[in-house]
Every structure is written in structure tokens, then in C-alpha cells.
Amino acid sequence: MEIKSVTKDRLRRQFLQIRKNIPEEARRQAERQIAQRLFETELYQTAGRIYCYAAFREEAGTGEILTESLRQGKPTAVPRVMGKRKMEFFYLRSMEDLRPGTWSIPEPGPWCTQAPKPDETCLVIMPGAAFDREGNRLGYGGGYYDTYLADCPQCLRAALAFAAQCTDHIPADPHDIRPDIIITEKELIKCFQDFRETR
């Protein structure tokens, strides 16, 4: 196994444990702050469609984001695993469309309509185990988002994370997909320039 792969695996375990150790009350408060900060961004406000993960286990929650996007009438899609390194997004009509899917992750039910590949009018909201300030993302090792977004360079991308998931450096490969912004409970990080916006 390559050294970079070993390093990624070690970092992934480390940051997943850090995330798991966040106290429940602090987690819920942070999730509200993350959602509110996202809603205030121009990327979210001008997005015609929202492609967003359904949070699982200790991931930064997305329930409020999905609910608000549906309330605003923004077409809102959630991923469903279709095979190895393959996923597709499907539109929700309501939160009731979510069912336990692959690995018990909430997924749209089989009656949901498949969404097209995201274009420049779409905001894709990504999860991850850890991030650095350049936007390098450490996922969960499955390569689903990297594969899905490889041919969608025009879409806008945001990542949600707790501040404890951000670090100085994440080893990256050329094919790794980076978010345009990372939103934590403490700040909004613009990844493609040395610029930080805090509120």
C-alpha cells in the first residue's frame, strides 16, 4: 500500500474519532450554526437546485438544510448508492421520501425521480471526514463523490464540517474533488484563495 494511502487511512480514523467525541449538545448547536451560515451564502441563495447528502451517524446534520430547501421550493436531491464507486441523486418531494439504504444511510425511496448531473445552477453539498483550508477533502474511502463529480466541473460545491474536522494539511491526489467553500460552526472558508470570512 502506498504511503499516501496509509496516511489517509490513519488521518481518516483519527478525524472520525474526533468527530465522534463531540458532545451531543455541542453537536446540535454547531449544526444549527452551520445551517444558518450556509443559508446566508450567495451560493445557496442563488442556487437553482440543491444536491445534498443525508447525514448519517456523526456527520454534520443536513435535516434542517433539506427541509428548508424543500420549503423554499428549490428542487432538492439526495444521493443513492448504485454500485461500487457509483451513486446518483434523486429528488425528494418531502423528508418522508428518505429510507434506510446502503449501510443504513438514508436514501431516496425507489419512487423518487432521478436528478440530472449538476450544472452551474446547482449547489452540491458534500460530507467528509476531514478538510484543510485549501479545500483538500478526506472522504470515507469509497470515492463516490470524486467519481460522480469528475465530469461536473461547472457545479458549485460546498462542504459541511465541524471545526474540529479542519486541519493544516490533507494529502490529495489530482482526481480528488475539492469544495469551493467549507462551512463550519465557526467560519466560512473560501478554498481557492487565502481569504477567511467569519461571523
# chains A, B, ... in the order shown; residues from 1 in each chain; ligands from 1

$ residues_around --residues "range 94-107 of chain A" --least-positions-apart "6" --cutoff "7 Å" --atoms "only C-alpha atoms" --output "PyMOL selection string"
chain A and resi 54+56+67+78-81

$ write_last_selection --atoms "N, CA, C and O atoms" --output "short mmCIF file (atom, residue, chain, number, x, y, z; two decimals), in the first residue's frame"
data_model
loop_
_atom_site.label_atom_id
_atom_site.label_comp_id
_atom_site.auth_asym_id
_atom_site.auth_seq_id
_atom_site.Cartn_x
_atom_site.Cartn_y
_atom_site.Cartn_z
N ALA A 54 -27.65 13.13 2.87
CA ALA A 54 -28.48 12.93 4.06
C ALA A 54 -27.55 12.44 5.17
O ALA A 54 -26.92 11.40 5.04
N PHE A 56 -25.53 10.95 8.24
CA PHE A 56 -25.54 9.62 8.84
C PHE A 56 -24.55 9.60 9.99
O PHE A 56 -23.45 10.16 9.90
N THR A 67 -34.91 20.33 4.71
CA THR A 67 -36.27 20.81 4.99
C THR A 67 -36.47 22.23 4.49
O THR A 67 -37.49 22.54 3.85
N VAL A 78 -30.96 13.99 -3.14
CA VAL A 78 -30.12 13.27 -2.18
C VAL A 78 -29.55 12.05 -2.89
O VAL A 78 -30.22 11.45 -3.74
N PRO A 79 -28.31 11.63 -2.57
CA PRO A 79 -27.70 10.52 -3.29
C PRO A 79 -28.22 9.15 -2.87
O PRO A 79 -28.63 8.94 -1.73
N ARG A 80 -28.16 8.24 -3.84
CA ARG A 80 -28.43 6.82 -3.59
C ARG A 80 -27.28 6.03 -4.20
O ARG A 80 -26.90 6.25 -5.36
N VAL A 81 -26.71 5.10 -3.43
CA VAL A 81 -25.62 4.26 -3.94
C VAL A 81 -26.18 3.28 -4.96
O VAL A 81 -27.19 2.60 -4.71
#

$ residues_around --residues "range 138-142 of chain A" --least-positions-apart "6" --cutoff "12 Å" --atoms "only C-alpha atoms" --output "PyMOL selection string"
chain A and resi 4-16+59+81+83-87+126-132+148+159+161+165-167+169-173+176-179

$ write_last_selection --atoms "C-alpha atoms" --output "PDB file, in the first residue's frame"
ATOM      1  CA  LYS A   4      -0.150   8.335   0.927  1.00  0.00           C
ATOM      2  CA  SER A   5      -2.903   5.716   1.284  1.00  0.00           C
ATOM      3  CA  VAL A   6      -1.615   4.704   4.706  1.00  0.00           C
ATOM      4  CA  THR A   7      -1.510   8.357   5.750  1.00  0.00           C
ATOM      5  CA  LYS A   8      -5.056   8.933   4.519  1.00  0.00           C
ATOM      6  CA  ASP A   9      -6.331   5.865   6.351  1.00  0.00           C
ATOM      7  CA  ARG A  10      -4.671   6.972   9.574  1.00  0.00           C
ATOM      8  CA  LEU A  11      -5.995  10.515   9.265  1.00  0.00           C
ATOM      9  CA  ARG A  12      -9.473   9.234   8.443  1.00  0.00           C
ATOM     10  CA  ARG A  13      -9.586   7.104  11.590  1.00  0.00           C
ATOM     11  CA  GLN A  14      -8.217   9.962  13.665  1.00  0.00           C
ATOM     12  CA  PHE A  15     -10.727  12.553  12.496  1.00  0.00           C
ATOM     13  CA  LEU A  16     -13.709  10.225  12.563  1.00  0.00           C
ATOM     14  CA  GLU A  59     -21.824  13.728  10.138  1.00  0.00           C
ATOM     15  CA  VAL A  81     -25.623   4.259  -3.937  1.00  0.00           C
ATOM     16  CA  GLY A  83     -22.849   0.192  -7.103  1.00  0.00           C
ATOM     17  CA  LYS A  84     -19.134   0.325  -6.376  1.00  0.00           C
ATOM     18  CA  ARG A  85     -17.985   3.973  -6.587  1.00  0.00           C
ATOM     19  CA  LYS A  86     -21.295   4.800  -8.235  1.00  0.00           C
ATOM     20  CA  MET A  87     -24.116   6.926  -6.927  1.00  0.00           C
ATOM     21  CA  MET A 126     -20.580  17.317   0.330  1.00  0.00           C
ATOM     22  CA  PRO A 127     -19.676  15.440   3.512  1.00  0.00           C
ATOM     23  CA  GLY A 128     -16.200  14.358   4.540  1.00  0.00           C
ATOM     24  CA  ALA A 129     -14.008  13.085   7.346  1.00  0.00           C
ATOM     25  CA  ALA A 130     -11.542  15.988   7.310  1.00  0.00           C
ATOM     26  CA  PHE A 131     -10.575  19.078   5.305  1.00  0.00           C
ATOM     27  CA  ASP A 132      -7.769  21.585   5.016  1.00  0.00           C
ATOM     28  CA  TYR A 148     -19.795  11.431  -9.505  1.00  0.00           C
ATOM     29  CA  ALA A 159     -18.662  21.044   2.279  1.00  0.00           C
ATOM     30  CA  ALA A 161     -17.885  20.065   8.740  1.00  0.00           C
ATOM     31  CA  GLN A 165     -12.541  18.308  11.339  1.00  0.00           C
ATOM     32  CA  CYS A 166     -10.348  21.015   9.790  1.00  0.00           C
ATOM     33  CA  THR A 167      -6.581  20.637   9.817  1.00  0.00           C
ATOM     34  CA  HIS A 169      -2.875  19.654   5.532  1.00  0.00           C
ATOM     35  CA  ILE A 170      -4.717  16.768   3.889  1.00  0.00           C
ATOM     36  CA  PRO A 171      -2.774  14.653   1.345  1.00  0.00           C
ATOM     37  CA  ALA A 172      -4.515  14.934  -2.019  1.00  0.00           C
ATOM     38  CA  ASP A 173      -4.498  13.246  -5.409  1.00  0.00           C
ATOM     39  CA  ASP A 176      -9.762  14.455  -5.700  1.00  0.00           C
ATOM     40  CA  ILE A 177     -12.718  16.851  -5.921  1.00  0.00           C
ATOM     41  CA  ARG A 178     -12.421  19.957  -3.772  1.00  0.00           C
ATOM     42  CA  PRO A 179     -15.269  22.115  -2.472  1.00  0.00           C
TER      43      PRO A 179
END

$ closest_atom_pairs --of "range 51-162 of chain A" --to "range 35-43 of chain A" --cutoff "12 Å" --atoms "only C-alpha atoms" --output "CSV"
residue,atom,partner,partner_atom,distance
A:Ala60,CA,A:Ala35,CA,9.4
A:Gly61,CA,A:Ala35,CA,8.4
A:Thr62,CA,A:Ala35,CA,7.6
A:Gly63,CA,A:Ala35,CA,9.3
A:Glu64,CA,A:Ala35,CA,6.9
A:Ile65,CA,A:Ala35,CA,6.1
A:Leu66,CA,A:Ala35,CA,9.9
A:Thr67,CA,A:Ala35,CA,10.9
A:Glu68,CA,A:Phe39,CA,9.0
A:Ser69,CA,A:Phe39,CA,9.4
A:Gln72,CA,A:Phe39,CA,11.2
A:Glu120,CA,A:Leu43,CA,10.6
A:Thr121,CA,A:Leu43,CA,9.5
A:Cys122,CA,A:Leu43,CA,8.9
A:Leu123,CA,A:Leu43,CA,6.9
A:Val124,CA,A:Leu43,CA,10.0
A:Ile125,CA,A:Leu38,CA,9.9
A:Cys155,CA,A:Leu43,CA,10.5
A:Leu156,CA,A:Leu43,CA,7.4
A:Arg157,CA,A:Leu43,CA,8.7
A:Ala158,CA,A:Leu43,CA,8.5
A:Ala159,CA,A:Leu38,CA,9.8
A:Leu160,CA,A:Ala35,CA,8.8
A:Ala161,CA,A:Ala35,CA,10.7
A:Phe162,CA,A:Ala35,CA,11.5

$ write_last_selection --atoms "N, CA, C and O atoms" --output "CSV table (one decimal), in the first residue's frame"
chain,number,residue,atom,x,y,z
A,60,ALA,N,-22.0,16.2,10.1
A,60,ALA,CA,-22.7,17.4,10.3
A,60,ALA,C,-24.1,17.3,9.7
A,60,ALA,O,-24.3,16.9,8.5
A,61,GLY,N,-25.1,17.5,10.5
A,61,GLY,CA,-26.5,17.3,10.1
A,61,GLY,C,-27.0,18.1,8.9
A,61,GLY,O,-26.6,19.3,8.8
A,62,THR,N,-27.9,17.5,8.1
A,62,THR,CA,-28.4,18.2,7.0
A,62,THR,C,-30.0,18.3,7.0
A,62,THR,O,-30.6,18.7,6.0
A,63,GLY,N,-30.6,17.8,8.1
A,63,GLY,CA,-32.0,17.7,8.1
A,63,GLY,C,-32.6,19.1,7.9
A,63,GLY,O,-33.6,19.3,7.2
A,64,GLU,N,-32.1,20.1,8.6
A,64,GLU,CA,-32.6,21.5,8.5
A,64,GLU,C,-32.4,22.0,7.1
A,64,GLU,O,-33.3,22.7,6.6
A,65,ILE,N,-31.3,21.7,6.5
A,65,ILE,CA,-31.0,22.2,5.2
A,65,ILE,C,-31.9,21.6,4.2
A,65,ILE,O,-32.5,22.3,3.3
A,66,LEU,N,-32.1,20.3,4.2
A,66,LEU,CA,-33.1,19.7,3.3
A,66,LEU,C,-34.5,20.2,3.5
A,66,LEU,O,-35.2,20.5,2.5
A,67,THR,N,-34.9,20.3,4.7
A,67,THR,CA,-36.3,20.8,5.0
A,67,THR,C,-36.5,22.2,4.5
A,67,THR,O,-37.5,22.5,3.9
A,68,GLU,N,-35.5,23.1,4.7
A,68,GLU,CA,-35.6,24.5,4.3
A,68,GLU,C,-35.6,24.6,2.8
A,68,GLU,O,-36.3,25.4,2.2
A,69,SER,N,-34.7,23.8,2.2
A,69,SER,CA,-34.6,23.9,0.7
A,69,SER,C,-35.9,23.4,0.1
A,69,SER,O,-36.4,24.1,-0.9
A,72,GLN,N,-38.5,26.2,0.5
A,72,GLN,CA,-38.3,27.3,-0.4
A,72,GLN,C,-38.6,27.0,-1.9
A,72,GLN,O,-38.6,27.8,-2.7
A,120,GLU,N,-24.1,24.5,-13.7
A,120,GLU,CA,-23.6,25.7,-13.0
A,120,GLU,C,-24.8,26.3,-12.1
A,120,GLU,O,-24.5,27.2,-11.3
A,121,THR,N,-26.0,25.9,-12.3
A,121,THR,CA,-27.1,26.4,-11.5
A,121,THR,C,-27.3,25.6,-10.1
A,121,THR,O,-28.1,26.0,-9.3
A,122,CYS,N,-26.5,24.6,-9.9
A,122,CYS,CA,-26.6,23.7,-8.8
A,122,CYS,C,-25.6,23.9,-7.7
A,122,CYS,O,-24.4,24.2,-8.0
A,123,LEU,N,-26.0,23.7,-6.5
A,123,LEU,CA,-25.1,23.7,-5.4
A,123,LEU,C,-25.0,22.2,-4.8
A,123,LEU,O,-26.1,21.7,-4.4
A,124,VAL,N,-23.9,21.6,-4.9
A,124,VAL,CA,-23.7,20.3,-4.3
A,124,VAL,C,-23.0,20.4,-2.9
A,124,VAL,O,-22.0,21.0,-2.8
A,125,ILE,N,-23.7,19.8,-1.9
A,125,ILE,CA,-23.2,19.9,-0.6
A,125,ILE,C,-22.7,18.5,-0.2
A,125,ILE,O,-23.3,17.5,-0.2
A,155,CYS,N,-20.4,22.8,-11.6
A,155,CYS,CA,-21.3,23.0,-10.5
A,155,CYS,C,-20.6,23.6,-9.3
A,155,CYS,O,-19.3,23.5,-9.1
A,156,LEU,N,-21.3,24.3,-8.4
A,156,LEU,CA,-20.7,24.8,-7.2
A,156,LEU,C,-20.8,23.8,-6.1
A,156,LEU,O,-21.7,23.0,-6.0
A,157,ARG,N,-19.7,23.8,-5.3
A,157,ARG,CA,-19.6,22.8,-4.3
A,157,ARG,C,-19.3,23.4,-2.9
A,157,ARG,O,-18.4,24.2,-2.7
A,158,ALA,N,-20.1,22.9,-1.9
A,158,ALA,CA,-19.8,23.3,-0.5
A,158,ALA,C,-19.7,22.1,0.3
A,158,ALA,O,-20.3,21.0,0.1
A,159,ALA,N,-18.8,22.1,1.3
A,159,ALA,CA,-18.7,21.0,2.3
A,159,ALA,C,-19.1,21.5,3.7
A,159,ALA,O,-18.8,22.7,4.0
A,160,LEU,N,-19.7,20.6,4.4
A,160,LEU,CA,-20.1,20.9,5.8
A,160,LEU,C,-19.2,20.1,6.7
A,160,LEU,O,-19.0,18.9,6.5
A,161,ALA,N,-18.7,20.8,7.8
A,161,ALA,CA,-17.9,20.1,8.7
A,161,ALA,C,-17.9,20.8,10.1
A,161,ALA,O,-18.2,22.0,10.1
A,162,PHE,N,-17.6,20.1,11.1
A,162,PHE,CA,-17.4,20.7,12.4
A,162,PHE,C,-16.0,21.3,12.4
A,162,PHE,O,-15.1,20.7,11.7

$ select_by_dssp --residues "range 34-114 of chain A" --states "strand (DSSP E)" --output "PDB file with N, CA and C atoms, in the first residue's frame"
ATOM      1  N   ARG A  49     -30.890  24.539  -7.828  1.00  0.00           N
ATOM      2  CA  ARG A  49     -31.146  23.193  -7.306  1.00  0.00           C
ATOM      3  C   ARG A  49     -30.110  22.874  -6.230  1.00  0.00           C
ATOM      4  N   ILE A  50     -30.521  22.060  -5.276  1.00  0.00           N
ATOM      5  CA  ILE A  50     -29.650  21.667  -4.168  1.00  0.00           C
ATOM      6  C   ILE A  50     -29.441  20.156  -4.215  1.00  0.00           C
ATOM      7  N   TYR A  51     -28.190  19.738  -4.281  1.00  0.00           N
ATOM      8  CA  TYR A  51     -27.825  18.327  -4.201  1.00  0.00           C
ATOM      9  C   TYR A  51     -27.101  18.157  -2.862  1.00  0.00           C
ATOM     10  N   CYS A  52     -27.664  17.400  -1.950  1.00  0.00           N
ATOM     11  CA  CYS A  52     -27.149  17.377  -0.583  1.00  0.00           C
ATOM     12  C   CYS A  52     -27.198  15.968   0.002  1.00  0.00           C
ATOM     13  N   THR A  76     -34.613  19.588  -4.660  1.00  0.00           N
ATOM     14  CA  THR A  76     -33.636  19.103  -3.694  1.00  0.00           C
ATOM     15  C   THR A  76     -33.421  17.613  -3.889  1.00  0.00           C
ATOM     16  N   ALA A  77     -32.164  17.233  -4.102  1.00  0.00           N
ATOM     17  CA  ALA A  77     -31.839  15.840  -4.403  1.00  0.00           C
ATOM     18  C   ALA A  77     -30.840  15.290  -3.389  1.00  0.00           C
ATOM     19  N   VAL A  78     -30.959  13.992  -3.140  1.00  0.00           N
ATOM     20  CA  VAL A  78     -30.118  13.272  -2.177  1.00  0.00           C
ATOM     21  C   VAL A  78     -29.551  12.047  -2.891  1.00  0.00           C
ATOM     22  N   PRO A  79     -28.310  11.634  -2.566  1.00  0.00           N
ATOM     23  CA  PRO A  79     -27.704  10.516  -3.286  1.00  0.00           C
ATOM     24  C   PRO A  79     -28.221   9.147  -2.870  1.00  0.00           C
ATOM     25  N   ARG A  80     -28.160   8.236  -3.840  1.00  0.00           N
ATOM     26  CA  ARG A  80     -28.431   6.825  -3.592  1.00  0.00           C
ATOM     27  C   ARG A  80     -27.278   6.026  -4.201  1.00  0.00           C
ATOM     28  N   VAL A  81     -26.712   5.102  -3.435  1.00  0.00           N
ATOM     29  CA  VAL A  81     -25.623   4.259  -3.937  1.00  0.00           C
ATOM     30  C   VAL A  81     -26.183   3.280  -4.960  1.00  0.00           C
ATOM     31  N   MET A  82     -25.504   3.204  -6.122  1.00  0.00           N
ATOM     32  CA  MET A  82     -25.961   2.359  -7.221  1.00  0.00           C
ATOM     33  C   MET A  82     -25.003   1.202  -7.503  1.00  0.00           C
ATOM     34  N   GLY A  83     -23.858   1.212  -6.865  1.00  0.00           N
ATOM     35  CA  GLY A  83     -22.849   0.192  -7.103  1.00  0.00           C
ATOM     36  C   GLY A  83     -21.513   0.677  -6.586  1.00  0.00           C
ATOM     37  N   LYS A  86     -20.258   4.208  -7.382  1.00  0.00           N
ATOM     38  CA  LYS A  86     -21.295   4.800  -8.235  1.00  0.00           C
ATOM     39  C   LYS A  86     -22.498   5.203  -7.397  1.00  0.00           C
ATOM     40  N   MET A  87     -22.895   6.437  -7.560  1.00  0.00           N
ATOM     41  CA  MET A  87     -24.116   6.926  -6.927  1.00  0.00           C
ATOM     42  C   MET A  87     -24.813   7.866  -7.889  1.00  0.00           C
ATOM     43  N   GLU A  88     -26.099   8.064  -7.668  1.00  0.00           N
ATOM     44  CA  GLU A  88     -26.895   9.027  -8.413  1.00  0.00           C
ATOM     45  C   GLU A  88     -27.749   9.798  -7.406  1.00  0.00           C
ATOM     46  N   PHE A  89     -28.137  10.992  -7.784  1.00  0.00           N
ATOM     47  CA  PHE A  89     -29.001  11.802  -6.925  1.00  0.00           C
ATOM     48  C   PHE A  89     -30.448  11.682  -7.392  1.00  0.00           C
ATOM     49  N   PHE A  90     -31.357  11.688  -6.425  1.00  0.00           N
ATOM     50  CA  PHE A  90     -32.786  11.592  -6.706  1.00  0.00           C
ATOM     51  C   PHE A  90     -33.518  12.687  -5.936  1.00  0.00           C
ATOM     52  N   TYR A  91     -34.527  13.265  -6.583  1.00  0.00           N
ATOM     53  CA  TYR A  91     -35.266  14.363  -5.976  1.00  0.00           C
ATOM     54  C   TYR A  91     -36.171  13.878  -4.836  1.00  0.00           C
ATOM     55  N   LEU A  98     -37.183   9.680   2.408  1.00  0.00           N
ATOM     56  CA  LEU A  98     -35.924   9.048   2.803  1.00  0.00           C
ATOM     57  C   LEU A  98     -36.175   7.723   3.507  1.00  0.00           C
ATOM     58  N   ARG A  99     -35.389   6.711   3.119  1.00  0.00           N
ATOM     59  CA  ARG A  99     -35.454   5.377   3.710  1.00  0.00           C
ATOM     60  C   ARG A  99     -34.040   4.870   3.963  1.00  0.00           C
ATOM     61  N   PRO A 100     -33.837   3.981   4.942  1.00  0.00           N
ATOM     62  CA  PRO A 100     -32.500   3.403   5.132  1.00  0.00           C
ATOM     63  C   PRO A 100     -32.065   2.653   3.881  1.00  0.00           C
ATOM     64  N   PRO A 106     -29.497   7.060   5.023  1.00  0.00           N
ATOM     65  CA  PRO A 106     -30.777   7.482   4.441  1.00  0.00           C
ATOM     66  C   PRO A 106     -30.632   7.775   2.953  1.00  0.00           C
ATOM     67  N   GLU A 107     -31.524   7.186   2.161  1.00  0.00           N
ATOM     68  CA  GLU A 107     -31.518   7.369   0.717  1.00  0.00           C
ATOM     69  C   GLU A 107     -32.937   7.609   0.223  1.00  0.00           C
ATOM     70  N   PRO A 108     -33.091   8.276  -0.939  1.00  0.00           N
ATOM     71  CA  PRO A 108     -34.430   8.445  -1.508  1.00  0.00           C
ATOM     72  C   PRO A 108     -35.047   7.096  -1.868  1.00  0.00           C
TER      73      PRO A 108
END

$ atom_distance --atom1 "CA of Ala30 in chain A" --atom2 "CA of Glu185 in chain A"
5.0 Å

$ atom_distance --atom1 "CA of Lys190 in chain A" --atom2 "CA of Ile34 in chain A"
14.7 Å

$ closest_residue --among "A:Gln45, A:Gln33, A:Lys74, A:Ile18" --to "Glu58 in chain A" --atoms "only C-alpha atoms"
A:Ile18

$ decode --residues "range 157-168 of chain A" --atoms "all heavy atoms" --output "PDB file, in the first residue's frame"
ATOM      1  N   ARG A 157     -19.732  23.805  -5.262  1.00  0.00           N
ATOM      2  CA  ARG A 157     -19.583  22.757  -4.255  1.00  0.00           C
ATOM      3  C   ARG A 157     -19.303  23.366  -2.886  1.00  0.00           C
ATOM      4  O   ARG A 157     -18.404  24.202  -2.740  1.00  0.00           O
ATOM      5  CB  ARG A 157     -18.451  21.797  -4.639  1.00  0.00           C
ATOM      6  CG  ARG A 157     -18.676  21.105  -5.972  1.00  0.00           C
ATOM      7  CD  ARG A 157     -17.523  20.172  -6.321  1.00  0.00           C
ATOM      8  NE  ARG A 157     -16.265  20.876  -6.492  1.00  0.00           N
ATOM      9  CZ  ARG A 157     -15.859  21.435  -7.630  1.00  0.00           C
ATOM     10  NH1 ARG A 157     -16.635  21.399  -8.703  1.00  0.00           N
ATOM     11  NH2 ARG A 157     -14.701  22.040  -7.696  1.00  0.00           N
ATOM     12  N   ALA A 158     -20.059  22.925  -1.900  1.00  0.00           N
ATOM     13  CA  ALA A 158     -19.839  23.330  -0.510  1.00  0.00           C
ATOM     14  C   ALA A 158     -19.671  22.074   0.328  1.00  0.00           C
ATOM     15  O   ALA A 158     -20.297  21.043   0.051  1.00  0.00           O
ATOM     16  CB  ALA A 158     -21.018  24.157   0.007  1.00  0.00           C
ATOM     17  N   ALA A 159     -18.828  22.148   1.332  1.00  0.00           N
ATOM     18  CA  ALA A 159     -18.662  21.044   2.279  1.00  0.00           C
ATOM     19  C   ALA A 159     -19.073  21.524   3.660  1.00  0.00           C
ATOM     20  O   ALA A 159     -18.828  22.678   4.025  1.00  0.00           O
ATOM     21  CB  ALA A 159     -17.216  20.553   2.297  1.00  0.00           C
ATOM     22  N   LEU A 160     -19.699  20.642   4.411  1.00  0.00           N
ATOM     23  CA  LEU A 160     -20.086  20.935   5.788  1.00  0.00           C
ATOM     24  C   LEU A 160     -19.215  20.126   6.725  1.00  0.00           C
ATOM     25  O   LEU A 160     -18.984  18.935   6.497  1.00  0.00           O
ATOM     26  CB  LEU A 160     -21.555  20.591   6.020  1.00  0.00           C
ATOM     27  CG  LEU A 160     -22.586  21.166   5.046  1.00  0.00           C
ATOM     28  CD1 LEU A 160     -23.987  20.787   5.511  1.00  0.00           C
ATOM     29  CD2 LEU A 160     -22.440  22.672   4.908  1.00  0.00           C
ATOM     30  N   ALA A 161     -18.743  20.765   7.787  1.00  0.00           N
ATOM     31  CA  ALA A 161     -17.885  20.065   8.740  1.00  0.00           C
ATOM     32  C   ALA A 161     -17.915  20.793  10.072  1.00  0.00           C
ATOM     33  O   ALA A 161     -18.184  22.003  10.127  1.00  0.00           O
ATOM     34  CB  ALA A 161     -16.447  19.989   8.224  1.00  0.00           C
ATOM     35  N   PHE A 162     -17.648  20.066  11.114  1.00  0.00           N
ATOM     36  CA  PHE A 162     -17.400  20.706  12.396  1.00  0.00           C
ATOM     37  C   PHE A 162     -15.981  21.269  12.374  1.00  0.00           C
ATOM     38  O   PHE A 162     -15.099  20.742  11.679  1.00  0.00           O
ATOM     39  CB  PHE A 162     -17.565  19.706  13.533  1.00  0.00           C
ATOM     40  CG  PHE A 162     -18.946  19.109  13.609  1.00  0.00           C
ATOM     41  CD1 PHE A 162     -19.169  17.784  13.260  1.00  0.00           C
ATOM     42  CD2 PHE A 162     -20.031  19.878  14.006  1.00  0.00           C
ATOM     43  CE1 PHE A 162     -20.443  17.227  13.306  1.00  0.00           C
ATOM     44  CE2 PHE A 162     -21.312  19.339  14.056  1.00  0.00           C
ATOM     45  CZ  PHE A 162     -21.510  18.007  13.712  1.00  0.00           C
ATOM     46  N   ALA A 163     -15.750  22.334  13.117  1.00  0.00           N
ATOM     47  CA  ALA A 163     -14.434  22.974  13.113  1.00  0.00           C
ATOM     48  C   ALA A 163     -13.330  21.987  13.482  1.00  0.00           C
ATOM     49  O   ALA A 163     -12.206  22.092  12.971  1.00  0.00           O
ATOM     50  CB  ALA A 163     -14.436  24.158  14.079  1.00  0.00           C
ATOM     51  N   ALA A 164     -13.645  21.030  14.321  1.00  0.00           N
ATOM     52  CA  ALA A 164     -12.650  20.041  14.751  1.00  0.00           C
ATOM     53  C   ALA A 164     -12.197  19.137  13.612  1.00  0.00           C
ATOM     54  O   ALA A 164     -11.197  18.428  13.745  1.00  0.00           O
ATOM     55  CB  ALA A 164     -13.206  19.198  15.891  1.00  0.00           C
ATOM     56  N   GLN A 165     -12.908  19.138  12.489  1.00  0.00           N
ATOM     57  CA  GLN A 165     -12.541  18.308  11.339  1.00  0.00           C
ATOM     58  C   GLN A 165     -11.577  19.016  10.390  1.00  0.00           C
ATOM     59  O   GLN A 165     -11.162  18.424   9.391  1.00  0.00           O
ATOM     60  CB  GLN A 165     -13.795  17.905  10.546  1.00  0.00           C
ATOM     61  CG  GLN A 165     -14.742  16.986  11.281  1.00  0.00           C
ATOM     62  CD  GLN A 165     -15.997  16.731  10.472  1.00  0.00           C
ATOM     63  OE1 GLN A 165     -17.076  17.194  10.796  1.00  0.00           O
ATOM     64  NE2 GLN A 165     -15.848  15.993   9.382  1.00  0.00           N
ATOM     65  N   CYS A 166     -11.240  20.255  10.663  1.00  0.00           N
ATOM     66  CA  CYS A 166     -10.348  21.015   9.790  1.00  0.00           C
ATOM     67  C   CYS A 166      -8.926  20.976  10.329  1.00  0.00           C
ATOM     68  O   CYS A 166      -8.695  21.127  11.534  1.00  0.00           O
ATOM     69  CB  CYS A 166     -10.834  22.454   9.674  1.00  0.00           C
ATOM     70  SG  CYS A 166     -12.448  22.596   8.866  1.00  0.00           S
ATOM     71  N   THR A 167      -7.977  20.775   9.430  1.00  0.00           N
ATOM     72  CA  THR A 167      -6.581  20.637   9.817  1.00  0.00           C
ATOM     73  C   THR A 167      -5.694  21.387   8.827  1.00  0.00           C
ATOM     74  O   THR A 167      -6.181  21.945   7.841  1.00  0.00           O
ATOM     75  CB  THR A 167      -6.190  19.143   9.885  1.00  0.00           C
ATOM     76  OG1 THR A 167      -4.893  19.013  10.453  1.00  0.00           O
ATOM     77  CG2 THR A 167      -6.224  18.492   8.509  1.00  0.00           C
ATOM     78  N   ASP A 168      -4.390  21.413   9.090  1.00  0.00           N
ATOM     79  CA  ASP A 168      -3.469  22.199   8.271  1.00  0.00           C
ATOM     80  C   ASP A 168      -3.229  21.596   6.896  1.00  0.00           C
ATOM     81  O   ASP A 168      -3.047  22.319   5.911  1.00  0.00           O
ATOM     82  CB  ASP A 168      -2.123  22.366   8.988  1.00  0.00           C
ATOM     83  CG  ASP A 168      -2.226  23.244  10.227  1.00  0.00           C
ATOM     84  OD1 ASP A 168      -3.165  24.077  10.287  1.00  0.00           O
ATOM     85  OD2 ASP A 168      -1.394  23.100  11.141  1.00  0.00           O
TER      86      ASP A 168
END
